[in-house]
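Here's protein_21.txt, which has compact mmCIF, C-alpha atoms and all ligand atoms:
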# COMPACT_ATOMS: atom_id res chain seq x y z
CA MET A 290 62.31 59.65 29.61
CA LYS A 291 59.07 60.39 31.48
CA ALA A 292 55.56 59.02 30.85
CA GLU A 293 54.56 62.43 29.34
CA ASP A 294 57.25 61.96 26.65
CA VAL A 295 55.53 58.83 25.38
CA LYS A 296 53.41 59.70 22.33
CA ASN A 297 53.81 56.74 19.98
CA ILE A 298 52.95 53.19 20.93
CA ALA A 299 53.64 50.20 18.67
CA MET A 300 51.44 47.16 19.26
CA ILE A 301 53.10 43.99 17.97
CA GLY A 302 50.43 41.34 17.40
CA ALA A 303 46.86 42.17 16.37
CA GLY A 304 45.07 39.12 17.80
CA ASP A 305 42.48 39.11 20.61
CA MET A 306 44.81 40.72 23.13
CA GLY A 307 46.80 42.90 20.71
CA HIS A 308 43.81 44.63 19.21
CA GLY A 309 42.16 45.05 22.63
CA ILE A 310 45.29 46.64 24.09
CA ALA A 311 45.66 48.87 21.02
CA ALA A 312 42.06 50.04 21.53
CA CYS A 313 42.83 50.98 25.16
CA CYS A 314 45.93 52.95 24.07
CA LEU A 315 43.92 54.81 21.42
CA MET A 316 41.34 55.76 24.04
CA GLY A 317 44.21 57.06 26.18
CA GLY A 318 45.16 59.51 23.39
CA TYR A 319 48.20 57.73 21.96
CA ARG A 320 49.15 57.32 18.32
CA VAL A 321 49.14 53.55 17.83
CA VAL A 322 50.73 51.40 15.14
CA LEU A 323 49.08 47.97 14.96
CA ARG A 324 51.39 45.38 13.44
CA ASP A 325 51.03 41.70 12.58
CA ILE A 326 52.90 39.34 10.27
CA GLU A 327 50.24 39.29 7.54
CA GLN A 328 47.83 41.90 6.25
CA LYS A 329 44.82 39.66 6.96
CA PHE A 330 45.69 39.52 10.69
CA VAL A 331 46.14 43.30 10.80
CA ASP A 332 42.78 43.74 9.04
CA LYS A 333 41.07 41.45 11.56
CA GLY A 334 42.56 43.43 14.44
CA MET A 335 41.49 46.73 12.87
CA ALA A 336 37.96 45.38 12.46
CA GLY A 337 37.95 44.25 16.11
CA ILE A 338 38.93 47.74 17.31
CA LYS A 339 36.28 49.35 15.13
CA ALA A 340 33.62 46.89 16.36
CA SER A 341 34.48 47.70 19.99
CA PHE A 342 34.40 51.45 19.34
CA ASP A 343 31.08 51.07 17.43
CA LYS A 344 29.61 49.34 20.51
CA LEU A 345 30.88 52.09 22.82
CA LYS A 346 29.61 54.83 20.49
CA GLU A 347 26.15 53.24 20.14
CA LYS A 348 25.86 53.12 23.93
CA GLY A 349 26.93 56.74 24.30
CA LYS A 350 30.15 55.71 26.11
CA MET A 351 32.26 57.28 23.32
CA SER A 352 31.36 60.55 21.59
CA PRO A 353 31.33 60.69 17.75
CA GLU A 354 34.29 63.14 17.95
CA ALA A 355 36.32 60.84 20.21
CA TYR A 356 35.49 57.92 17.89
CA THR A 357 36.78 59.70 14.78
CA ASP A 358 39.79 61.08 16.61
CA ALA A 359 40.80 57.67 18.04
CA LEU A 360 40.52 55.84 14.72
CA ALA A 361 42.53 58.59 12.97
CA ARG A 362 45.45 57.82 15.33
CA LEU A 363 45.47 54.10 14.41
CA ILE A 364 48.03 53.02 11.80
CA PRO A 365 48.00 49.47 10.40
CA MET A 366 51.32 47.93 9.39
CA VAL A 367 53.01 44.65 8.46
CA ASP A 368 56.66 45.77 8.20
CA LEU A 369 58.11 45.42 11.72
CA GLN A 370 61.03 47.79 11.19
CA ALA A 371 58.74 50.59 10.01
CA ALA A 372 56.20 49.80 12.76
CA VAL A 373 58.61 50.48 15.62
CA LYS A 374 60.94 53.07 14.12
CA ASP A 375 59.26 56.02 15.89
CA ALA A 376 57.92 54.13 18.91
CA ASP A 377 58.47 55.35 22.46
CA PHE A 378 56.77 52.32 23.96
CA VAL A 379 56.33 48.91 22.32
CA ILE A 380 53.90 46.25 23.54
CA GLU A 381 54.31 42.70 22.28
CA ALA A 382 51.38 40.26 22.21
CA VAL A 383 52.50 37.39 19.96
CA PRO A 384 51.82 33.68 20.73
CA GLU A 385 53.11 32.31 24.04
CA LYS A 386 56.30 30.65 22.85
CA LEU A 387 59.56 31.67 24.49
CA ASP A 388 61.67 31.28 21.33
CA LEU A 389 59.24 33.36 19.30
CA LYS A 390 59.10 36.07 21.97
CA LYS A 391 62.90 36.18 22.14
CA SER A 392 63.27 36.52 18.40
CA VAL A 393 60.64 39.31 18.34
CA PHE A 394 62.43 41.11 21.19
CA ALA A 395 65.79 40.80 19.40
CA ASP A 396 64.20 42.53 16.37
CA LEU A 397 62.50 45.17 18.53
CA ASP A 398 65.85 45.91 20.15
CA LYS A 399 67.42 46.29 16.70
CA TYR A 400 64.74 48.52 15.16
CA ALA A 401 63.13 50.55 17.97
CA PRO A 402 64.74 53.83 19.10
CA LYS A 403 67.25 53.43 21.94
CA HIS A 404 64.96 55.22 24.41
CA ALA A 405 61.96 52.94 23.75
CA ILE A 406 60.59 50.69 26.48
CA LEU A 407 59.85 47.14 25.32
CA ALA A 408 56.88 45.56 27.11
CA SER A 409 55.60 41.99 26.87
CA ASN A 410 51.97 41.02 27.39
CA THR A 411 53.07 37.46 28.15
CA SER A 412 50.64 35.61 30.43
CA ASN A 413 53.24 33.55 32.21
CA ILE A 414 56.75 33.62 30.74
CA SER A 415 59.76 35.05 32.59
CA ILE A 416 60.46 38.69 31.72
CA THR A 417 64.09 38.25 32.78
CA GLU A 418 64.45 35.49 30.19
CA ILE A 419 62.76 37.48 27.40
CA ALA A 420 65.01 40.47 28.20
CA THR A 421 68.16 38.41 27.52
CA ALA A 422 67.36 38.72 23.79
CA THR A 423 67.97 42.49 23.98
CA SER A 424 70.81 44.87 24.77
CA ARG A 425 68.48 46.92 27.00
CA PRO A 426 67.17 44.61 29.75
CA GLU A 427 66.63 47.67 31.97
CA LYS A 428 63.93 48.77 29.52
CA VAL A 429 62.16 45.41 29.26
CA ILE A 430 59.04 44.94 31.38
CA GLY A 431 56.02 42.67 31.75
CA TYR A 432 52.75 44.39 30.83
CA HIS A 433 49.97 41.88 31.22
CA PHE A 434 46.40 42.74 30.21
CA PHE A 435 43.28 40.60 30.62
CA ASN A 436 40.71 39.41 28.13
CA PRO A 437 38.68 41.33 26.98
CA ALA A 438 41.35 44.03 27.37
CA ILE A 439 38.96 46.83 26.61
CA LEU A 440 36.85 45.97 29.70
CA MET A 441 39.15 44.26 32.20
CA LYS A 442 40.92 46.80 34.39
CA LEU A 443 44.07 45.08 35.60
CA VAL A 444 47.52 45.55 34.10
CA GLU A 445 50.30 43.61 35.83
CA VAL A 446 53.51 45.62 35.50
CA THR A 447 56.33 43.17 36.11
CA LYS A 448 59.91 43.94 37.00
CA GLY A 449 62.36 41.58 35.32
CA GLY A 450 65.73 40.83 36.95
CA LYS A 451 67.37 43.93 35.37
CA THR A 452 64.38 46.24 34.78
CA SER A 453 64.97 49.81 35.99
CA ASP A 454 62.61 51.58 38.38
CA GLU A 455 62.27 54.31 35.74
CA SER A 456 60.84 51.86 33.18
CA ILE A 457 58.38 50.51 35.77
CA SER A 458 57.28 53.98 36.77
CA ILE A 459 56.69 55.08 33.13
CA ALA A 460 54.71 51.90 32.38
CA TYR A 461 52.67 52.38 35.56
CA ASP A 462 51.78 55.96 34.61
CA ILE A 463 50.78 54.94 31.08
CA ALA A 464 48.49 52.24 32.49
CA LYS A 465 46.85 54.92 34.68
CA LYS A 466 46.50 57.24 31.68
CA ILE A 467 44.61 54.56 29.75
CA ARG A 468 42.34 54.15 32.82
CA LYS A 469 43.56 50.76 33.94
CA VAL A 470 44.41 49.52 37.42
CA PRO A 471 48.15 48.78 37.39
CA VAL A 472 49.64 46.45 39.98
CA ILE A 473 53.42 46.19 40.21
CA VAL A 474 54.71 42.62 40.39
CA LYS A 475 57.99 42.94 42.26
CA LYS A 476 59.35 39.49 41.59
CA ASP A 477 59.31 37.96 38.11
CA SER A 478 57.63 34.60 38.65
CA PRO A 479 55.50 32.20 36.51
CA GLY A 480 52.01 33.60 35.88
CA PHE A 481 52.82 36.75 37.91
CA ILE A 482 49.85 37.24 40.29
CA TYR A 483 46.55 36.67 38.48
CA ASN A 484 47.35 33.61 36.40
CA ARG A 485 49.37 32.00 39.20
CA VAL A 486 46.41 32.29 41.58
CA ASN A 487 44.04 30.86 38.95
CA GLU A 488 46.30 28.11 37.60
CA PRO A 489 45.11 25.50 40.18
CA THR A 490 41.58 25.98 38.79
CA LEU A 491 42.89 25.06 35.32
CA LEU A 492 44.53 22.03 36.88
CA LEU A 493 41.20 21.05 38.45
CA VAL A 494 39.46 21.44 35.09
CA SER A 495 42.12 19.29 33.42
CA LYS A 496 41.68 16.57 36.08
CA ILE A 497 37.89 16.67 35.88
CA LEU A 498 38.12 16.09 32.12
CA GLU A 499 40.45 13.18 32.79
CA ALA A 500 38.05 11.71 35.35
CA GLY A 501 35.22 12.07 32.82
CA HIS A 502 32.76 13.61 35.27
CA PRO A 503 31.09 15.97 35.90
CA THR A 504 30.75 17.22 32.30
CA PRO A 505 31.87 20.79 31.54
CA GLU A 506 28.24 21.92 31.50
CA GLU A 507 27.38 20.18 34.81
CA PHE A 508 30.42 21.77 36.44
CA ASP A 509 29.84 25.24 34.99
CA ALA A 510 26.12 25.15 35.82
CA ALA A 511 26.99 24.88 39.52
CA LEU A 512 29.17 28.01 39.31
CA LYS A 513 27.46 30.21 36.76
CA PRO A 514 25.04 31.85 39.24
CA VAL A 515 28.01 33.33 41.15
CA MET A 516 30.56 33.98 38.37
CA PRO A 517 30.38 36.11 35.21
CA MET A 518 31.90 33.19 33.31
CA PRO A 519 32.37 29.77 34.93
CA PRO A 520 35.72 27.99 34.31
CA PHE A 521 35.04 25.87 31.20
CA GLU A 522 33.23 28.74 29.48
CA LEU A 523 36.04 31.16 30.40
CA ILE A 524 38.72 28.80 29.03
CA ASP A 525 36.72 28.57 25.79
CA TYR A 526 36.44 32.37 25.76
CA VAL A 527 40.18 32.94 26.27
CA GLY A 528 41.24 29.93 24.13
CA ILE A 529 41.98 26.30 25.03
CA ASP A 530 45.38 26.70 23.32
CA ILE A 531 46.25 29.57 25.68
CA ALA A 532 45.23 27.47 28.70
CA VAL A 533 47.28 24.47 27.53
CA HIS A 534 50.38 26.59 26.80
CA GLY A 535 50.09 28.11 30.28
CA MET A 536 49.82 24.71 31.95
CA ASP A 537 52.71 23.36 29.91
CA TYR A 538 54.89 26.27 31.02
CA PHE A 539 53.84 25.83 34.65
CA SER A 540 54.62 22.09 34.44
CA GLN A 541 58.16 22.94 33.32
CA VAL A 542 58.92 25.70 35.79
CA LEU A 543 56.69 25.17 38.84
CA SER A 544 55.25 21.69 39.29
CA LYS A 545 54.89 18.57 37.14
CA ASP A 546 51.29 18.37 38.41
CA TYR A 547 50.39 20.96 35.79
CA LYS A 548 51.07 18.68 32.84
CA PRO A 549 47.83 18.98 30.82
CA SER A 550 45.78 15.76 30.86
CA GLU A 551 45.34 13.78 27.65
CA ALA A 552 41.64 14.62 27.83
CA LEU A 553 42.45 18.34 27.73
CA MET A 554 45.10 17.84 25.04
CA SER A 555 42.54 16.12 22.82
CA TYR A 556 40.74 19.48 22.37
CA LEU A 557 43.99 21.11 21.29
CA LYS A 558 44.74 18.29 18.87
CA SER A 559 41.26 18.44 17.33
CA GLY A 560 41.65 22.18 16.69
CA ASN A 561 38.52 22.96 18.71
CA LEU A 562 40.01 25.84 20.70
CA GLY A 563 36.85 27.57 21.94
CA LYS A 564 35.18 30.80 20.88
CA LYS A 565 37.74 31.68 18.20
CA THR A 566 37.17 28.44 16.27
CA GLY A 567 33.43 28.28 16.99
CA LYS A 568 33.74 25.15 19.13
CA GLY A 569 35.54 24.03 22.26
CA PHE A 570 33.90 22.58 25.35
CA TYR A 571 30.82 24.40 24.04
CA ASP A 572 29.39 25.37 20.66
CA TRP A 573 29.97 29.12 20.06
CA SER A 574 28.74 29.18 16.48
CA LYS A 575 25.55 30.98 17.53
CA GLY A 576 27.18 33.22 20.13
CA ARG A 577 27.67 32.68 23.84
CA PRO A 578 26.69 29.16 24.97
CA ALA A 579 23.48 28.74 26.95
CA ILE A 580 24.39 26.77 30.07
CA ASP A 581 21.49 24.75 31.51
CA LEU A 582 21.51 25.52 35.24
CA SER A 583 19.29 22.52 36.02
CA LYS A 584 22.28 20.29 35.16
CA ALA A 585 24.39 21.63 38.05
CA THR A 586 26.61 19.06 39.77
CA ARG A 587 26.51 18.83 43.57
CA GLU A 588 30.07 17.55 43.68
CA PHE A 589 31.72 21.00 43.35
CA ASP A 590 30.80 24.52 44.43
CA VAL A 591 32.32 27.99 44.37
CA ASN A 592 34.08 27.50 47.71
CA HIS A 593 36.24 24.79 46.14
CA LEU A 594 37.49 27.36 43.62
CA ILE A 595 37.94 30.07 46.25
CA ALA A 596 39.90 27.60 48.41
CA LEU A 597 42.27 26.92 45.50
CA GLN A 598 42.72 30.65 44.88
CA VAL A 599 43.35 31.53 48.52
CA ASN A 600 45.84 28.67 48.94
CA GLU A 601 47.79 29.70 45.83
CA ALA A 602 47.66 33.37 46.89
CA THR A 603 49.27 32.42 50.22
CA LYS A 604 52.13 30.87 48.22
CA LEU A 605 52.76 34.28 46.60
CA LEU A 606 53.20 35.73 50.09
CA GLU A 607 55.32 32.83 51.32
CA GLU A 608 57.58 33.02 48.23
CA GLY A 609 57.94 36.81 48.42
CA ILE A 610 56.36 37.38 44.99
CA ALA A 611 53.98 39.84 46.62
CA ASP A 612 54.27 41.22 50.12
CA ASP A 613 50.87 42.82 50.54
CA PRO A 614 47.69 40.69 50.50
CA LYS A 615 45.74 43.83 49.57
CA GLU A 616 47.73 44.13 46.31
CA ILE A 617 46.92 40.50 45.50
CA ASP A 618 43.23 41.21 46.13
CA LEU A 619 43.40 44.34 43.97
CA ALA A 620 44.88 42.33 41.11
CA MET A 621 42.41 39.46 41.45
CA ALA A 622 39.38 41.75 41.64
CA ASN A 623 40.40 43.70 38.53
CA GLY A 624 41.76 40.97 36.23
CA GLY A 625 38.49 39.12 35.80
CA GLY A 626 34.88 39.75 36.53
CA SER A 627 34.94 39.15 40.28
CA PRO A 628 34.25 42.04 42.65
CA PHE A 629 36.39 40.55 45.47
CA GLY A 630 39.89 39.21 45.88
CA PRO A 631 40.69 35.90 47.61
CA PHE A 632 41.74 37.29 50.98
CA VAL A 633 38.60 39.36 51.49
CA LEU A 634 36.58 36.28 50.54
CA ALA A 635 38.55 34.06 52.94
CA GLN A 636 37.94 36.51 55.74
CA SER A 637 34.20 36.54 55.18
CA ILE A 638 33.72 32.82 54.42
CA GLY A 639 36.20 31.59 57.06
CA TYR A 640 39.57 29.95 56.51
CA ASN A 641 38.34 26.77 58.27
CA VAL A 642 35.51 26.34 55.74
CA LEU A 643 37.92 26.81 52.81
CA LEU A 644 40.54 24.53 54.34
CA ALA A 645 37.97 21.74 54.52
CA LYS A 646 37.10 22.33 50.85
CA LEU A 647 40.76 22.21 49.86
CA GLU A 648 41.25 18.97 51.77
CA GLU A 649 38.25 17.48 49.98
CA LEU A 650 39.85 18.35 46.63
CA HIS A 651 43.18 16.93 47.72
CA THR A 652 41.52 13.66 48.72
CA LYS A 653 39.87 13.45 45.29
CA PHE A 654 42.98 14.54 43.37
CA PRO A 655 46.10 13.96 45.50
CA LEU A 656 48.28 16.62 43.85
CA ASP A 657 51.03 18.65 45.54
CA VAL A 658 49.48 21.85 44.17
CA PHE A 659 46.34 21.18 46.26
CA VAL A 660 48.23 20.72 49.56
CA PRO A 661 47.28 23.49 52.03
CA THR A 662 50.11 25.88 52.84
CA LYS A 663 51.19 26.80 56.37
CA THR A 664 49.62 30.24 55.92
CA MET A 665 46.35 28.71 54.72
CA LYS A 666 46.26 26.43 57.75
CA ALA A 667 47.08 29.31 60.10
CA GLY A 668 44.28 31.34 58.47
CA ASN A 669 45.45 34.62 59.90
CA ILE A 670 45.88 36.94 56.89
CA LYS A 671 43.81 40.07 57.49
CA VAL A 672 43.01 42.64 54.79
N1 LIG B 701 34.12 45.93 23.34
C1 LIG B 701 33.31 46.86 23.91
N2 LIG B 701 32.32 46.52 24.76
C2 LIG B 701 32.14 45.19 25.02
C3 LIG B 701 32.95 44.19 24.45
C4 LIG B 701 33.98 44.61 23.57
N3 LIG B 701 34.82 43.74 22.97
N4 LIG B 701 32.53 42.97 24.90
C5 LIG B 701 31.51 43.20 25.72
N5 LIG B 701 31.25 44.53 25.79
C6 LIG B 701 30.24 45.21 26.59
C7 LIG B 701 28.86 44.79 26.18
O1 LIG B 701 28.42 45.58 25.09
C8 LIG B 701 28.07 45.08 27.44
O2 LIG B 701 27.85 46.47 27.60
P1 LIG B 701 26.58 47.05 28.45
O3 LIG B 701 26.77 46.61 29.85
O4 LIG B 701 26.73 48.53 28.28
O5 LIG B 701 25.40 46.45 27.78
C9 LIG B 701 29.04 44.69 28.54
O6 LIG B 701 30.33 44.74 27.94
C10 LIG B 701 28.79 43.29 29.06
O7 LIG B 701 28.82 42.37 27.98
P2 LIG B 701 27.73 41.24 27.73
O8 LIG B 701 26.38 41.71 28.15
O9 LIG B 701 27.91 40.76 26.33
O10 LIG B 701 28.13 39.98 28.63
P3 LIG B 701 28.61 39.90 30.14
O11 LIG B 701 27.82 40.76 31.04
O12 LIG B 701 28.74 38.46 30.50
O13 LIG B 701 30.08 40.48 30.11
C11 LIG B 701 32.35 39.86 30.08
C12 LIG B 701 31.05 39.90 29.29
C13 LIG B 701 32.76 41.27 30.44
C14 LIG B 701 33.41 39.24 29.19
C15 LIG B 701 32.11 39.02 31.40
O14 LIG B 701 31.53 37.79 31.09
C16 LIG B 701 33.34 38.78 32.22
O15 LIG B 701 33.75 39.59 33.01
N6 LIG B 701 33.93 37.56 32.05
C17 LIG B 701 35.13 37.18 32.75
C18 LIG B 701 36.33 37.61 31.98
C19 LIG B 701 37.62 37.23 32.66
O16 LIG B 701 37.66 36.60 33.70
N7 LIG B 701 38.74 37.62 32.02
C20 LIG B 701 40.06 37.26 32.47
C21 LIG B 701 40.51 36.05 31.70
S1 LIG B 701 42.13 35.50 32.15
C22 LIG B 701 43.17 36.36 31.14
O17 LIG B 701 42.78 37.13 30.31
C23 LIG B 701 44.62 36.13 31.39
C24 LIG B 701 45.35 35.78 30.14
O18 LIG B 701 46.72 35.73 30.42
C25 LIG B 701 44.92 34.47 29.56

Starting from the file, give its structure as structure tokens.
Ligand code: 3HC
Amino acid sequence: MKAEDVKNIAMIGAGDMGHGIAACCLMGGYRVVLRDIEQKFVDKGMAGIKASFDKLKEKGKMSPEAYTDALARLIPMVDLQAAVKDADFVIEAVPEKLDLKKSVFADLDKYAPKHAILASNTSNISITEIATATSRPEKVIGYHFFNPAILMKLVEVTKGGKTSDESISIAYDIAKKIRKVPVIVKKDSPGFIYNRVNEPTLLLVSKILEAGHPTPEEFDAALKPVMPMPPFELIDYVGIDIAVHGMDYFSQVLSKDYKPSEALMSYLKSGNLGKKTGKGFYDWSKGRPAIDLSKATREFDVNHLIALQVNEATKLLEEGIADDPKEIDLAMANGGGSPFGPFVLAQSIGYNVLLAKLEELHTKFPLDVFVPTKTMKAGNIKV
């Protein structure tokens, strides 16, 4: 099969990510089946796609013809077998639980045509492991989009242990066709590139909550002037449940340091998960929270976060997960709202400045994850 042969895409999961990815595929000209386990979830996803397209049409970024054409190619469905029966390419975006993903992949393998590629939008979980639920591991790939999928450019295309080069190349071409920036992740590893590099920031957030100061608003106020969404607001936007599941997974497979603090867990337990429930660290009931910049803490600044990112990015190089710092920068600049990747930033700010920031954090929170790597100390990566 070649990328040009792919006409039908089945999107399994119509939540925040599922409906956003489906919208991107529609804009790329594909026929898209949107499937979820209950009609009400499918309806919500359909409404989300329409709302996004309405916004684009109002702003003149989508013509009335393109709008009608795209929505005519969207097919809602609840029956999984029917949803994938004609699919050439299936993208799964169901909750981040390995057992659930494996059972979905076993069904996809049973019902999708033999030639179909099965892609997972997992944020962190091993593609090699998910592929064991199928009889076609060479056709199983990671295909990780970023929230909001309709706007964020990055797609991490991950090679599992048995994925064929052909599957990677088809997935890469499809990502280009839907106007994304694909980055191939050569080694299947927790969090791939983007989430791995950002996970230490989640750890910092978890520890700050445990320490009880600064408050989420004081912390975010110090960072908001230089970030489209500071960390606590972004976690609320993506979902506190998603952040906790990610940290849990990292604590099992990478470092015990990542075990979410009780203070962070209390949000999960209370059901206040952020934007989607109307309340998390902030109140979202009236839209995006207004962060009072006058409350900014002086204890933390953006260089602390950049130091954490650069240090973690050097681990990707040291562990052979990526071999080109430019690819890491490309991923980091396109996954979120930042114009620059960590290595470009390190070069302009100075590795010595960032090393001092990292050491400050490590003194405050003596965690292995915050220990500077050899490469960070050497400070000689040029991009
Ligand atoms: N559909 C269509 N258009 C949309 C939209 C949607 N769902 N949401 C926002 N927009 C448009 C707005 O209409 C606006 O358009 P305009 O510029 O033409 O007026 C534009 O996007 C900007 O939106 P807003 O003015 O509402 O607000 P912002 O300027 O703050 O942008 C944002 C919103 C793009 C979300 C920005 O805050 C941002 O980049 N945030 C960071 C997001 C990020 O880091 N994502 C990665 C998260 S990690 C992840 O996903 C990994 C996973 O594994 C967990």

task = Mind giving me the straight-line distance from atom CA of A:Leu345 to atom CA of A:Gly318 in Å, one decimal?
result = 16.1 Å

Axis-aligned box over every listed atom of ligand LIG 701 (chain B), padded by 3 Å per side: centre and edges in Å to one decimal, as AutoDock Vina command-line options?
--center_x 36.1 --center_y 41.5 --center_z 28.3 --size_x 27.3 --size_y 20.1 --size_z 16.7

query = Please, which residues have at least one atom within 6 Å of an atom of ligand LIG 701 (chain B), using only C-alpha atoms and all ligand atoms, listed as a ChimeraX atom specification?
reply = /A:341,344-345,412,435-436,439,517-518,527,624-626

Mind dumping a table of every stretch 346-449 of chain A residue within 10 Å of stretch 473-483 of chain A, with the nearest atom pair and its distance in Å to one decimal, using all atoms listed in the file, sorted by chain and rising number, as CSV?
residue,atom,partner,partner_atom,distance
A:Thr411,CA,A:Gly480,CA,8.7
A:Ser412,CA,A:Gly480,CA,6.0
A:Asn413,CA,A:Gly480,CA,3.9
A:Ile414,CA,A:Pro479,CA,6.1
A:Ser415,CA,A:Asp477,CA,6.3
A:Ile416,CA,A:Asp477,CA,6.5
A:Thr417,CA,A:Asp477,CA,7.2
A:Glu418,CA,A:Asp477,CA,9.8
A:Ile430,CA,A:Asp477,CA,9.7
A:Gly431,CA,A:Asp477,CA,8.6
A:Tyr432,CA,A:Ile473,CA,9.6
A:His433,CA,A:Phe481,CA,8.9
A:Phe435,CA,A:Tyr483,CA,9.4
A:Leu443,CA,A:Tyr483,CA,9.2
A:Val444,CA,A:Ile473,CA,8.5
A:Glu445,CA,A:Ile473,CA,6.0
A:Val446,CA,A:Ile473,CA,4.7
A:Thr447,CA,A:Val474,CA,4.6
A:Lys448,CA,A:Lys475,CA,5.7
A:Gly449,CA,A:Asp477,CA,5.5

task = Rank nothing, just name the residue among A:Asp368, A:Glu427, A:Glu522, A:Glu385 nearest to A:Trp573, using only C-alpha atoms.
result = A:Glu522

task = Do a neighbour search on A:Val658 at 12 Å with only C-alpha atoms, toss out local chain neighbours closer than 6 positions, and write the hits as a PyMOL selection string.
result = chain A and resi 485-493+539-540+543-548+596-598+600-602+604+647-648+650-651

File dump, residues just selected, C-alpha atoms, as a JSON list (two decimals), in the coordinates of the input:
[["chain", "number", "residue", "atom", "x", "y", "z"],
["A", 485, "ARG", "CA", 49.37, 32.00, 39.20],
["A", 486, "VAL", "CA", 46.41, 32.29, 41.58],
["A", 487, "ASN", "CA", 44.04, 30.86, 38.95],
["A", 488, "GLU", "CA", 46.30, 28.11, 37.60],
["A", 489, "PRO", "CA", 45.11, 25.50, 40.18],
["A", 490, "THR", "CA", 41.58, 25.98, 38.79],
["A", 491, "LEU", "CA", 42.89, 25.06, 35.32],
["A", 492, "LEU", "CA", 44.53, 22.03, 36.88],
["A", 493, "LEU", "CA", 41.20, 21.05, 38.45],
["A", 539, "PHE", "CA", 53.84, 25.83, 34.65],
["A", 540, "SER", "CA", 54.62, 22.09, 34.44],
["A", 543, "LEU", "CA", 56.69, 25.17, 38.84],
["A", 544, "SER", "CA", 55.25, 21.69, 39.29],
["A", 545, "LYS", "CA", 54.89, 18.57, 37.14],
["A", 546, "ASP", "CA", 51.29, 18.37, 38.41],
["A", 547, "TYR", "CA", 50.39, 20.96, 35.79],
["A", 548, "LYS", "CA", 51.07, 18.68, 32.84],
["A", 596, "ALA", "CA", 39.90, 27.60, 48.41],
["A", 597, "LEU", "CA", 42.27, 26.92, 45.50],
["A", 598, "GLN", "CA", 42.72, 30.65, 44.88],
["A", 600, "ASN", "CA", 45.84, 28.67, 48.94],
["A", 601, "GLU", "CA", 47.79, 29.70, 45.83],
["A", 602, "ALA", "CA", 47.66, 33.37, 46.89],
["A", 604, "LYS", "CA", 52.13, 30.87, 48.22],
["A", 647, "LEU", "CA", 40.76, 22.21, 49.86],
["A", 648, "GLU", "CA", 41.25, 18.97, 51.77],
["A", 650, "LEU", "CA", 39.85, 18.35, 46.63],
["A", 651, "HIS", "CA", 43.18, 16.93, 47.72]]

request  = For atom CA of A:Ala552 and atom CA of A:Glu499, determine how far apart the two atoms are, in Å to one decimal place.
outcome  =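 Atom CA of A:Glu499 lies 5.3 Å from atom CA of A:Ala552.
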
Give me the residues near stretch 455-463 of chain A as a PDB file with C-alpha atoms, keeping the file's coordinate frame, where near means some atom within 9 Å (using only C-alpha atoms) and where sequence neighbours in that chain fewer than 3 positions away do not count.
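So around-v9.pdb came out as:
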ATOM      1  CA  MET A 290      62.310  59.650  29.610  1.00  0.00           C
ATOM      2  CA  LYS A 291      59.070  60.390  31.480  1.00  0.00           C
ATOM      3  CA  ALA A 292      55.560  59.020  30.850  1.00  0.00           C
ATOM      4  CA  GLU A 293      54.560  62.430  29.340  1.00  0.00           C
ATOM      5  CA  VAL A 295      55.530  58.830  25.380  1.00  0.00           C
ATOM      6  CA  CYS A 314      45.930  52.950  24.070  1.00  0.00           C
ATOM      7  CA  GLY A 317      44.210  57.060  26.180  1.00  0.00           C
ATOM      8  CA  PHE A 378      56.770  52.320  23.960  1.00  0.00           C
ATOM      9  CA  ILE A 406      60.590  50.690  26.480  1.00  0.00           C
ATOM     10  CA  ALA A 408      56.880  45.560  27.110  1.00  0.00           C
ATOM     11  CA  GLU A 427      66.630  47.670  31.970  1.00  0.00           C
ATOM     12  CA  LYS A 428      63.930  48.770  29.520  1.00  0.00           C
ATOM     13  CA  VAL A 429      62.160  45.410  29.260  1.00  0.00           C
ATOM     14  CA  ILE A 430      59.040  44.940  31.380  1.00  0.00           C
ATOM     15  CA  TYR A 432      52.750  44.390  30.830  1.00  0.00           C
ATOM     16  CA  VAL A 444      47.520  45.550  34.100  1.00  0.00           C
ATOM     17  CA  VAL A 446      53.510  45.620  35.500  1.00  0.00           C
ATOM     18  CA  THR A 447      56.330  43.170  36.110  1.00  0.00           C
ATOM     19  CA  LYS A 448      59.910  43.940  37.000  1.00  0.00           C
ATOM     20  CA  THR A 452      64.380  46.240  34.780  1.00  0.00           C
ATOM     21  CA  LYS A 466      46.500  57.240  31.680  1.00  0.00           C
ATOM     22  CA  ILE A 467      44.610  54.560  29.750  1.00  0.00           C
ATOM     23  CA  ARG A 468      42.340  54.150  32.820  1.00  0.00           C
ATOM     24  CA  LYS A 469      43.560  50.760  33.940  1.00  0.00           C
ATOM     25  CA  VAL A 470      44.410  49.520  37.420  1.00  0.00           C
ATOM     26  CA  PRO A 471      48.150  48.780  37.390  1.00  0.00           C
ATOM     27  CA  VAL A 472      49.640  46.450  39.980  1.00  0.00           C
ATOM     28  CA  ILE A 473      53.420  46.190  40.210  1.00  0.00           C
TER      29      ILE A 473
END

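Using only C-alpha atoms, the nearest neighbour of A:Ser583 within the list A:Ala510, A:Asp657, A:Val322, A:Leu643 is A:Ala510.
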
request  = Just the residues within 12 Å of A:Thr504, please, counting all atoms listed in the file, with nothing from its chain fewer than 5 positions along; format it as number ranges by chain.
outcome  = A: 494-499, 509-511, 521, 570-571, 580-581, 584-586, 588-589

message = To one decimal place in Å, what is the distance between atom CA of A:Asn592 and atom CA of A:Glu607?
response =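 Distance between the two atoms: 22.2 Å.
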
request  = For stretch 633-635 of chain A, please output as a PyMOL selection string all residues within 10 Å (counting only C-alpha atoms; exclusion window: fewer than 6 positions along the same chain).
outcome  = chain A and resi 592+595-596+598-600+614-615+618+641-644+665+668-672
